[in-house]
Amino acid sequence: MSSFAYLHSKKKVDFYHSLPVRRETLFAVSFVNGILIMAAVYLVNLLIAMAVMAANGMSPGMFVGAGFKAFGFHMVYYLLMYATTVLAMMLTGNVILGILMNVILNAWGPWRFCWPAAALHRFSEPITMPAKTPWRTPYSMPPLWPSI
């Protein structure tokens, strides 16, 4: 959000938009900058952690592959969250409403896919519960993910 904080002040918007840079370029630079800063900090900390593990006697084969897989997974997740936050801020134009919109956009996916499954599971159960689950009542909601 700090890359786009200038959009919430009229003086700052006037200044940035008076620069001889297209708005699309300004947006792209700010967006990519937010991703690269996070990736650089994450990668430096990952390399420091790997150096500490190697210094403590662990074999690099044990953690290097997993560390870089985790880096890739976390960066994809960060890109998703960052893009959602930027979208929410651009759609609202207000910090408070942007935070609320961000919560709504981030909760929509899990709610959309988990709630129908839980509701279907709940309403397809028989009213009489087996004796092995005495804690369940006809009014209790089942867990969203079945236990294994």
# chains A, B, ... in the order shown; residues from 1 in each chain; ligands from 1
call {"tool": "closest_atom_pairs", "arguments": {"of": "segment 57-108 of chain A", "to": "segment 9-17 of chain A", "cutoff": "12 Å", "atoms": "only C-alpha atoms", "output": "CSV"}}
result
residue,atom,partner,partner_atom,distance
A:Gly93,CA,A:Ser9,CA,10.3
A:Asn94,CA,A:Ser9,CA,10.2
A:Val95,CA,A:Ser9,CA,11.2
call {"tool": "residues_around", "arguments": {"residues": "segment 65-80 of chain A", "least_positions_apart": "3", "cutoff": "8 Å", "atoms": "only C-alpha atoms", "output": "PDB file with C-alpha atoms, in the first residue's frame"}}
result
ATOM      1  CA  ILE A  35       6.990  -7.436  -5.422  1.00  0.00           C
ATOM      2  CA  ALA A  39      11.274 -11.050  -2.886  1.00  0.00           C
ATOM      3  CA  TYR A  42      12.721 -12.909   1.653  1.00  0.00           C
ATOM      4  CA  LEU A  43      15.564 -14.351  -0.445  1.00  0.00           C
ATOM      5  CA  LEU A  46      16.323 -17.514   3.275  1.00  0.00           C
ATOM      6  CA  GLY A  61      20.734 -31.522   0.359  1.00  0.00           C
ATOM      7  CA  MET A  62      18.245 -31.696   3.202  1.00  0.00           C
ATOM      8  CA  ALA A  83      -2.492  -7.965  -6.322  1.00  0.00           C
ATOM      9  CA  THR A  84      -5.739  -8.306  -4.354  1.00  0.00           C
TER      10      THR A  84
END
call {"tool": "atom_distance", "arguments": {"atom1": "atom CA of Met89 of chain A", "atom2": "atom CA of Glu24 of chain A"}}
result
16.1 Å
call {"tool": "closest_residue", "arguments": {"among": "A:Val32, A:Met53, A:Val44, A:Val64", "to": "Phe4 of chain A", "atoms": "only C-alpha atoms"}}
result
A:Val32
